[in-house]
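Structure file start10.txt (compact mmCIF, C-alpha atoms) is printed below.
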```
# COMPACT_ATOMS: atom_id res chain seq x y z
CA MET J 12 97.65 124.67 101.77
CA LYS J 13 98.01 121.32 100.05
CA LYS J 14 96.31 120.88 96.68
CA PRO J 15 94.09 117.91 95.84
CA LEU J 16 95.92 114.98 94.32
CA ALA J 17 95.55 114.75 90.54
CA GLU J 18 96.51 111.92 88.21
CA SER J 19 99.54 113.84 86.93
CA ASP J 20 100.68 114.44 90.52
CA LEU J 21 100.38 110.73 91.27
CA ILE J 22 102.58 109.84 88.29
CA ALA J 23 105.19 112.45 89.25
CA ALA J 24 105.21 111.29 92.89
CA ALA J 25 105.55 107.65 91.82
CA LYS J 26 108.54 108.46 89.63
CA ALA J 27 110.29 110.38 92.41
CA PHE J 28 109.54 107.57 94.86
CA CYS J 29 111.00 104.91 92.53
CA LEU J 30 114.22 106.86 91.97
CA GLU J 31 114.97 107.16 95.69
CA THR J 32 117.12 104.73 97.68
CA HIS J 33 114.96 102.20 99.50
CA MET J 34 116.79 100.43 102.34
CA TYR J 35 114.68 98.93 105.12
CA PRO J 36 115.84 96.86 108.09
CA GLU J 37 112.14 96.08 108.67
CA LEU J 38 112.07 94.04 105.44
CA PHE J 39 115.30 92.12 106.00
CA GLY J 40 114.61 88.40 105.69
CA VAL J 41 110.95 88.95 104.77
CA THR J 42 109.94 86.55 102.00
CA ASP J 43 106.19 87.19 102.10
CA GLY J 44 105.50 89.25 98.99
CA LYS J 45 102.21 90.50 100.39
CA ALA J 46 103.95 91.84 103.50
CA VAL J 47 106.57 93.64 101.40
CA GLY J 48 103.88 95.06 99.12
CA THR J 49 101.80 96.33 102.04
CA PHE J 50 104.86 97.97 103.61
CA ILE J 51 105.75 99.82 100.39
CA GLU J 52 102.14 100.83 99.72
CA HIS J 53 101.95 102.42 103.18
CA ARG J 54 105.21 104.29 102.60
CA PHE J 55 103.97 105.63 99.30
CA ARG J 56 100.59 106.62 100.73
CA GLU J 57 102.34 108.51 103.54
CA ARG J 58 104.29 110.39 100.88
CA LEU J 59 101.11 111.36 99.07
CA GLU J 60 99.39 112.46 102.29
CA ALA J 61 102.37 114.67 103.14
CA LEU J 62 102.25 116.42 99.76
CA TYR J 63 98.58 116.49 98.76
CA THR J 64 95.03 116.44 99.97
CA VAL J 65 94.11 112.86 99.21
CA GLN J 66 91.40 110.42 100.17
CA ILE J 67 92.99 107.16 101.28
CA GLY J 68 90.84 104.12 100.71
CA SER J 69 89.86 101.26 102.96
CA SER J 70 88.49 97.78 102.47
CA ALA J 71 85.03 99.36 102.46
CA LEU J 72 85.97 101.79 99.69
CA GLY J 73 87.65 99.01 97.75
CA ILE J 74 90.64 100.85 96.25
CA ASP J 75 93.60 102.76 97.68
CA LEU J 76 92.98 106.19 96.11
CA PRO J 77 89.24 106.50 95.45
CA SER J 78 89.36 110.24 94.69
CA ILE J 79 91.28 109.48 91.47
CA GLU J 80 89.87 105.98 90.95
CA THR J 81 93.24 104.28 91.37
CA ASP J 82 94.45 101.19 93.20
CA VAL J 83 98.13 100.76 94.07
CA LYS J 84 99.74 97.38 93.38
CA VAL J 85 103.26 96.42 94.53
CA THR J 86 104.75 93.16 93.30
CA SER J 87 108.09 91.38 92.89
CA ILE J 88 109.82 91.24 89.49
CA ARG J 89 110.26 87.51 90.09
CA GLN J 90 106.52 86.93 89.79
CA PRO J 91 104.72 90.16 88.91
CA GLN J 92 101.18 89.43 89.95
CA SER J 93 98.58 90.30 92.57
CA SER J 94 94.97 89.65 93.39
CA CYS J 95 91.89 91.83 93.43
CA PRO J 96 88.23 91.35 94.34
CA PHE J 97 85.98 89.66 91.80
CA CYS J 98 82.96 91.85 91.05
CA SER J 99 81.64 90.39 87.80
CA ALA J 100 82.74 88.52 84.69
CA ARG J 101 82.31 91.81 82.83
CA GLN J 102 85.60 93.06 84.35
CA LYS J 103 87.56 90.61 82.22
CA ILE J 104 86.14 92.23 79.08
CA TYR J 105 85.65 95.88 80.02
CA GLY J 106 88.28 96.32 82.73
CA LEU J 107 88.35 96.47 86.51
CA GLY J 108 86.56 99.81 86.67
CA TYR J 109 89.51 101.73 88.12
CA ASN J 110 93.10 102.64 87.26
CA LEU J 111 96.15 100.79 88.53
CA LEU J 112 99.46 102.21 89.71
CA LEU J 113 101.91 99.33 89.47
CA PHE J 114 105.26 99.15 91.29
CA VAL J 115 107.51 96.19 90.41
CA TYR J 116 110.52 95.75 92.69
CA ASP J 117 113.59 93.56 93.05
CA LYS J 118 114.63 92.85 96.66
CA HIS J 119 118.10 92.03 97.94
CA ASP J 120 119.06 91.34 101.55
CA ASN J 121 122.43 92.58 102.80
CA GLN J 122 123.35 89.83 105.24
CA SER J 123 126.17 91.71 106.96
CA ALA J 124 124.15 94.91 107.45
CA GLY J 125 120.79 93.27 108.14
CA ILE J 126 119.08 95.58 105.66
CA ALA J 127 116.84 94.88 102.66
CA THR J 128 117.35 97.01 99.56
CA LEU J 129 114.50 97.43 97.08
CA THR J 130 115.07 98.57 93.52
CA PHE J 131 112.06 99.44 91.41
CA MET J 132 112.53 97.75 88.05
CA ASN J 133 109.26 98.95 86.57
CA CYS J 134 106.48 101.37 87.42
CA ALA J 135 103.44 102.06 85.28
CA PHE J 136 100.10 103.83 85.42
CA ILE J 137 97.41 101.76 83.72
CA ASP J 138 94.23 103.59 82.84
CA LYS J 139 91.05 101.70 83.70
CA SER J 140 90.30 101.39 79.98
CA ARG J 141 93.32 99.03 79.67
CA THR J 142 92.70 96.82 82.70
CA ALA J 143 90.80 94.05 80.91
CA ASP J 144 92.24 90.64 80.02
CA TYR J 145 94.47 90.73 76.94
CA GLN J 146 93.60 87.38 75.37
CA THR J 147 89.86 87.74 76.00
CA THR J 148 89.60 91.22 74.51
CA ARG J 149 91.92 90.34 71.63
CA GLY J 150 89.82 87.30 70.79
CA ILE J 151 86.59 89.29 70.87
CA LEU J 152 88.03 92.04 68.67
CA GLU J 153 89.33 89.48 66.17
CA ILE J 154 85.90 87.84 65.97
CA LEU J 155 84.20 91.20 65.39
CA GLY J 156 86.87 92.10 62.81
CA ARG J 157 85.89 88.95 60.86
CA ASP J 158 82.21 89.99 60.86
CA GLY J 159 81.44 87.72 63.80
CA ASN J 160 77.93 87.75 65.22
CA ARG J 161 76.34 87.36 68.62
CA ASP J 162 76.43 83.55 68.48
CA ASP J 163 80.15 83.63 67.73
CA ILE J 164 80.73 85.82 70.79
CA ILE J 165 78.69 83.53 73.07
CA ALA J 166 80.63 80.49 71.81
CA PHE J 167 83.91 82.29 72.48
CA LEU J 168 82.91 83.27 76.04
CA THR J 169 81.86 79.68 76.70
CA ASP J 170 85.11 78.27 75.29
CA ARG J 171 87.10 80.69 77.47
CA ASN J 172 85.18 79.46 80.53
CA LEU J 173 84.26 83.01 81.43
CA PRO J 174 82.64 82.96 84.89
CA GLY J 175 78.85 83.05 84.71
CA ASP J 176 75.92 81.11 83.36
CA GLU J 177 74.09 81.30 80.03
CA ILE J 178 72.22 84.44 81.09
CA VAL J 179 75.50 86.22 81.94
CA HIS J 180 77.06 85.22 78.62
CA ASN J 181 74.00 86.31 76.64
CA THR J 182 73.90 89.69 78.40
CA LEU J 183 77.61 90.24 77.77
CA ALA J 184 77.28 89.24 74.12
CA ASP J 185 74.56 91.85 73.64
CA GLU J 186 76.75 94.52 75.23
CA ILE J 187 79.78 93.50 73.18
CA MET J 188 77.82 93.76 69.94
CA ARG J 189 76.65 97.24 70.94
CA SER J 190 79.94 98.42 72.40
CA PRO J 191 83.11 96.46 71.54
CA PRO J 192 85.78 96.45 74.27
CA VAL J 193 89.20 98.12 74.16
CA LEU J 194 92.23 95.82 74.08
CA GLY J 195 93.28 95.13 77.68
CA TYR J 196 96.85 94.55 78.82
CA LEU J 197 96.47 92.40 81.94
CA THR J 198 96.31 88.65 82.25
CA ILE J 199 93.34 87.87 84.49
CA SER J 200 92.93 84.31 85.73
CA ASN J 201 89.42 83.03 86.38
CA ALA J 202 88.68 82.79 90.10
CA LEU J 203 86.32 84.17 92.70
CA GLN J 204 89.20 86.52 93.45
CA TRP J 205 90.82 87.70 90.21
CA ARG J 206 94.52 86.89 89.84
CA LEU J 207 96.17 89.73 87.90
CA GLN J 208 99.45 89.09 86.09
CA TYR J 209 101.56 91.97 84.79
CA ASN J 210 104.30 90.51 82.59
CA ARG J 211 102.79 92.12 79.51
CA ILE J 212 103.04 95.53 81.20
CA VAL J 213 106.58 94.88 82.44
CA ASN J 214 107.76 93.80 78.99
CA LEU J 215 105.86 96.47 77.04
CA THR J 216 108.09 98.30 74.56
CA GLU J 217 105.60 100.06 72.31
CA THR J 218 103.60 103.15 73.21
CA VAL J 219 100.02 102.32 74.20
CA LEU J 220 97.36 104.95 74.81
CA GLY J 221 96.26 104.61 78.43
CA ILE J 222 99.51 103.10 79.75
CA VAL J 223 102.18 105.43 81.15
CA ARG J 224 105.63 103.90 81.64
CA ILE J 225 106.93 105.79 84.68
CA VAL J 226 110.12 103.78 85.23
```

Please re-express this file's structure in structure tokens.
Amino acid sequence: MKKPLAESDLIAAAKAFCLETHMYPELFGVTDGKAVGTFIEHRFRERLEALYTVQIGSSALGIDLPSIETDVKVTSIRQPQSSCPFCSARQKIYGLGYNLLLFVYDKHDNQSAGIATLTFMNCAFIDKSRTADYQTTRGILEILGRDGNRDDIIAFLTDRNLPGDEIVHNTLADEIMRSPPVLGYLTISNALQWRLQYNRIVNLTETVLGIVRIV
């Protein structure tokens, strides 16, 4: 009987998956990063379903692995980024609300064989506590560290063009004063669909609580 998928199992499975040889004729000549990402996500999900009891998400559930609050992101090393649904401006300060499992690949096409080879250059598990925007959370923490007050926070949110009106900014400022955020490690571009950029994760060299470097 298969056991339920746990976070530690996910990390172990991701490491094993990354270390395997990935050669796919189906991806030969494919330049659409979203298509490549979807293909790899499905392969990895199939692996998890074969090994564990796992709830696989859907567009209705919002994330890939809802039972362990984790979304899987696959992106190219040439431009490590992806998109995710915008729920509220609060996500940029307090995180997306779920963990991320990030696969970063490099793709090479073998012209003579008609096969694409994928090498995983980086893989990381990012706890939901670290999925906020780096510059936004850093700026807030610096203001608070200099004895900044509520007005300073509101001015900062306005200067950063954080999505939302005056009511949103005032509500967030109150929450920030009560409960300062944790430093995030994503770059999140303002849009009605967040654009997540992962270069800071890819280039991370120090140990950070809440970020597991798998590969």

J:Thr64 environment, 10 Å, only C-alpha atoms, sequence neighbours closer than 4 positions dropped, as a PDB file with C-alpha atoms, keeping the file's coordinate frame:
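The resulting file, around.pdb, is shown below:
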```pdb
ATOM      1  CA  MET J  12      97.650 124.670 101.770  1.00  0.00           C
ATOM      2  CA  LYS J  13      98.010 121.320 100.050  1.00  0.00           C
ATOM      3  CA  LYS J  14      96.310 120.880  96.680  1.00  0.00           C
ATOM      4  CA  PRO J  15      94.090 117.910  95.840  1.00  0.00           C
ATOM      5  CA  LEU J  16      95.920 114.980  94.320  1.00  0.00           C
ATOM      6  CA  ALA J  17      95.550 114.750  90.540  1.00  0.00           C
ATOM      7  CA  LEU J  59     101.110 111.360  99.070  1.00  0.00           C
ATOM      8  CA  GLU J  60      99.390 112.460 102.290  1.00  0.00           C
ATOM      9  CA  SER J  78      89.360 110.240  94.690  1.00  0.00           C
TER      10      SER J  78
END
```

Residue nearest J:Glu57 among J:Asp117, J:Asp158, J:Glu186, J:Asp75 (counting only C-alpha atoms): J:Asp75

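Using only C-alpha atoms, the residues found no farther than 9 Å from J:Gly195, other than those of its own chain fewer than 3 positions away, are Lys103, Ile104, Tyr105, Gly106, Ser140, Arg141, Thr142, Ala143, Asp144, Tyr145, Gln146, Thr147, Thr148, Arg149, Pro192 and Thr198 of chain J.
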
Proximity to J:Leu173 - best of J:Ile199, J:Val41, J:Ala46, J:Ile126, only C-alpha atoms: J:Ile199

Spatial neighbours of J:Thr182, 12 Å, only C-alpha atoms, chain gap at least 2 places, as a PyMOL selection string: chain J and resi 100-101+161-162+164-165+168+175-180+184-189

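Taking atom CA of J:Val85 and atom CA of J:Glu52 as endpoints, the distance between them is 6.9 Å.
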
Would you give me, as a tab-separated table, each residue of stretch 71-172 of chain J having an atom within 10 Å of an atom of stretch 19-31 of chain J, along with its shortest atom pair and that distance in Å to one decimal, using only C-alpha atoms and sorting by chain and residue number?
```
residue	atom	partner	partner_atom	distance
J:Leu76	CA	J:Leu21	CA	9.9
J:Ile79	CA	J:Leu21	CA	9.2
J:Thr81	CA	J:Leu21	CA	9.6
J:Leu112	CA	J:Ile22	CA	8.4
J:Leu113	CA	J:Ala25	CA	9.4
J:Phe114	CA	J:Cys29	CA	8.2
J:Val115	CA	J:Cys29	CA	9.6
J:Tyr116	CA	J:Cys29	CA	9.2
J:Leu129	CA	J:Cys29	CA	9.4
J:Thr130	CA	J:Cys29	CA	7.6
J:Phe131	CA	J:Cys29	CA	5.7
J:Met132	CA	J:Cys29	CA	8.6
J:Asn133	CA	J:Cys29	CA	8.6
J:Cys134	CA	J:Cys29	CA	7.7
J:Ala135	CA	J:Ile22	CA	8.4
J:Phe136	CA	J:Ile22	CA	7.1
```

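Comparing the minimum interatomic distances between J:Ser93 and each of J:Ser190, J:Thr216, J:Asn160, J:Thr49, counting all atoms listed in the file, we find that J:Thr49 sits nearest.
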
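For the atom pair formed by atom CA of J:Gly156 and atom CA of J:Thr169, the distance is 19.3 Å, given to one decimal.
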
Figure out the distance between atom CA of J:Asn121 and atom CA of J:Ile88, please, to one decimal in Å. 18.4 Å

Pull out stretch 61-173 of chain J, keep C-alpha atoms, and write it as a JSON list (two decimals), in the first residue's frame.
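Below is the file that was written, result_38.json:
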```json
[["chain", "number", "residue", "atom", "x", "y", "z"],
["J", 61, "ALA", "CA", 3.27, 5.74, -8.96],
["J", 62, "LEU", "CA", 5.08, 5.97, -5.63],
["J", 63, "TYR", "CA", 2.67, 7.69, -3.24],
["J", 64, "THR", "CA", -0.91, 8.42, -2.45],
["J", 65, "VAL", "CA", -1.15, 12.00, -3.63],
["J", 66, "GLN", "CA", -3.86, 14.48, -4.48],
["J", 67, "ILE", "CA", -3.15, 16.02, -7.87],
["J", 68, "GLY", "CA", -4.50, 19.51, -8.30],
["J", 69, "SER", "CA", -6.54, 21.11, -11.04],
["J", 70, "SER", "CA", -7.30, 24.63, -12.13],
["J", 71, "ALA", "CA", -10.15, 24.59, -9.61],
["J", 72, "LEU", "CA", -7.83, 23.60, -6.77],
["J", 73, "GLY", "CA", -5.27, 26.16, -7.88],
["J", 74, "ILE", "CA", -2.01, 24.32, -7.16],
["J", 75, "ASP", "CA", -0.47, 21.06, -8.34],
["J", 76, "LEU", "CA", -0.14, 19.24, -4.99],
["J", 77, "PRO", "CA", -2.81, 20.63, -2.66],
["J", 78, "SER", "CA", -2.35, 17.93, 0.00],
["J", 79, "ILE", "CA", 1.10, 19.37, 0.82],
["J", 80, "GLU", "CA", 0.31, 22.95, -0.25],
["J", 81, "THR", "CA", 2.85, 22.92, -3.08],
["J", 82, "ASP", "CA", 2.85, 24.13, -6.67],
["J", 83, "VAL", "CA", 5.36, 22.75, -9.19],
["J", 84, "LYS", "CA", 7.14, 25.23, -11.46],
["J", 85, "VAL", "CA", 9.36, 24.22, -14.39],
["J", 86, "THR", "CA", 11.36, 26.90, -16.19],
["J", 87, "SER", "CA", 14.36, 27.35, -18.49],
["J", 88, "ILE", "CA", 17.74, 28.44, -17.10],
["J", 89, "ARG", "CA", 17.83, 31.02, -19.90],
["J", 90, "GLN", "CA", 14.97, 32.95, -18.33],
["J", 91, "PRO", "CA", 13.95, 31.40, -15.02],
["J", 92, "GLN", "CA", 10.47, 32.76, -14.52],
["J", 93, "SER", "CA", 6.82, 31.75, -14.56],
["J", 94, "SER", "CA", 3.41, 33.17, -13.85],
["J", 95, "CYS", "CA", 0.83, 32.48, -11.18],
["J", 96, "PRO", "CA", -2.67, 33.75, -10.40],
["J", 97, "PHE", "CA", -2.99, 37.11, -8.67],
["J", 98, "CYS", "CA", -5.07, 36.77, -5.50],
["J", 99, "SER", "CA", -4.24, 39.94, -3.60],
["J", 100, "ALA", "CA", -1.50, 42.53, -3.13],
["J", 101, "ARG", "CA", -0.85, 40.90, 0.25],
["J", 102, "GLN", "CA", 0.93, 38.01, -1.53],
["J", 103, "LYS", "CA", 3.82, 40.29, -2.45],
["J", 104, "ILE", "CA", 4.44, 40.96, 1.25],
["J", 105, "TYR", "CA", 3.41, 37.75, 3.00],
["J", 106, "GLY", "CA", 3.98, 35.18, 0.25],
["J", 107, "LEU", "CA", 1.85, 33.26, -2.22],
["J", 108, "GLY", "CA", 0.23, 31.12, 0.47],
["J", 109, "TYR", "CA", 1.75, 27.84, -0.71],
["J", 110, "ASN", "CA", 5.16, 26.23, -1.24],
["J", 111, "LEU", "CA", 6.95, 26.05, -4.58],
["J", 112, "LEU", "CA", 8.93, 23.16, -6.04],
["J", 113, "LEU", "CA", 11.13, 24.73, -8.70],
["J", 114, "PHE", "CA", 12.82, 22.84, -11.55],
["J", 115, "VAL", "CA", 15.22, 24.83, -13.73],
["J", 116, "TYR", "CA", 16.36, 23.05, -16.89],
["J", 117, "ASP", "CA", 18.71, 23.55, -19.82],
["J", 118, "LYS", "CA", 17.48, 22.06, -23.12],
["J", 119, "HIS", "CA", 19.59, 20.88, -26.04],
["J", 120, "ASP", "CA", 18.29, 19.40, -29.29],
["J", 121, "ASN", "CA", 20.29, 16.62, -30.93],
["J", 122, "GLN", "CA", 19.69, 17.36, -34.60],
["J", 123, "SER", "CA", 20.95, 14.03, -35.92],
["J", 124, "ALA", "CA", 18.95, 11.93, -33.45],
["J", 125, "GLY", "CA", 15.85, 14.12, -33.33],
["J", 126, "ILE", "CA", 15.84, 14.03, -29.54],
["J", 127, "ALA", "CA", 15.77, 16.81, -26.93],
["J", 128, "THR", "CA", 17.93, 16.37, -23.84],
["J", 129, "LEU", "CA", 17.03, 18.21, -20.64],
["J", 130, "THR", "CA", 19.54, 18.76, -17.86],
["J", 131, "PHE", "CA", 18.29, 20.12, -14.56],
["J", 132, "MET", "CA", 20.65, 22.91, -13.54],
["J", 133, "ASN", "CA", 18.81, 23.79, -10.35],
["J", 134, "CYS", "CA", 16.00, 22.43, -8.21],
["J", 135, "ALA", "CA", 14.75, 23.96, -4.99],
["J", 136, "PHE", "CA", 11.90, 23.65, -2.52],
["J", 137, "ILE", "CA", 10.74, 27.07, -1.38],
["J", 138, "ASP", "CA", 8.62, 27.15, 1.74],
["J", 139, "LYS", "CA", 5.56, 29.40, 1.51],
["J", 140, "SER", "CA", 7.12, 31.67, 4.14],
["J", 141, "ARG", "CA", 9.81, 32.64, 1.58],
["J", 142, "THR", "CA", 7.59, 33.22, -1.47],
["J", 143, "ALA", "CA", 7.14, 36.98, -1.03],
["J", 144, "ASP", "CA", 8.90, 39.64, -3.10],
["J", 145, "TYR", "CA", 12.50, 40.22, -2.03],
["J", 146, "GLN", "CA", 12.77, 43.98, -2.56],
["J", 147, "THR", "CA", 9.35, 44.72, -1.06],
["J", 148, "THR", "CA", 9.93, 42.70, 2.11],
["J", 149, "ARG", "CA", 13.50, 43.94, 2.45],
["J", 150, "GLY", "CA", 12.34, 47.54, 2.17],
["J", 151, "ILE", "CA", 9.62, 47.04, 4.77],
["J", 152, "LEU", "CA", 12.01, 45.34, 7.20],
["J", 153, "GLU", "CA", 14.57, 48.13, 6.76],
["J", 154, "ILE", "CA", 11.92, 50.77, 7.50],
["J", 155, "LEU", "CA", 10.81, 48.93, 10.64],
["J", 156, "GLY", "CA", 14.45, 48.47, 11.66],
["J", 157, "ARG", "CA", 14.85, 52.28, 11.56],
["J", 158, "ASP", "CA", 11.82, 52.75, 13.85],
["J", 159, "GLY", "CA", 9.55, 53.47, 10.90],
["J", 160, "ASN", "CA", 5.86, 54.03, 11.59],
["J", 161, "ARG", "CA", 2.60, 53.30, 9.82],
["J", 162, "ASP", "CA", 2.84, 56.42, 7.62],
["J", 163, "ASP", "CA", 6.31, 55.38, 6.46],
["J", 164, "ILE", "CA", 4.95, 51.97, 5.45],
["J", 165, "ILE", "CA", 2.03, 53.47, 3.52],
["J", 166, "ALA", "CA", 4.40, 55.83, 1.69],
["J", 167, "PHE", "CA", 6.65, 52.89, 0.80],
["J", 168, "LEU", "CA", 3.76, 50.78, -0.53],
["J", 169, "THR", "CA", 2.59, 53.74, -2.62],
["J", 170, "ASP", "CA", 6.09, 54.38, -3.99],
["J", 171, "ARG", "CA", 6.40, 50.70, -4.92],
["J", 172, "ASN", "CA", 3.08, 50.94, -6.81],
["J", 173, "LEU", "CA", 1.74, 47.97, -4.89]]
```
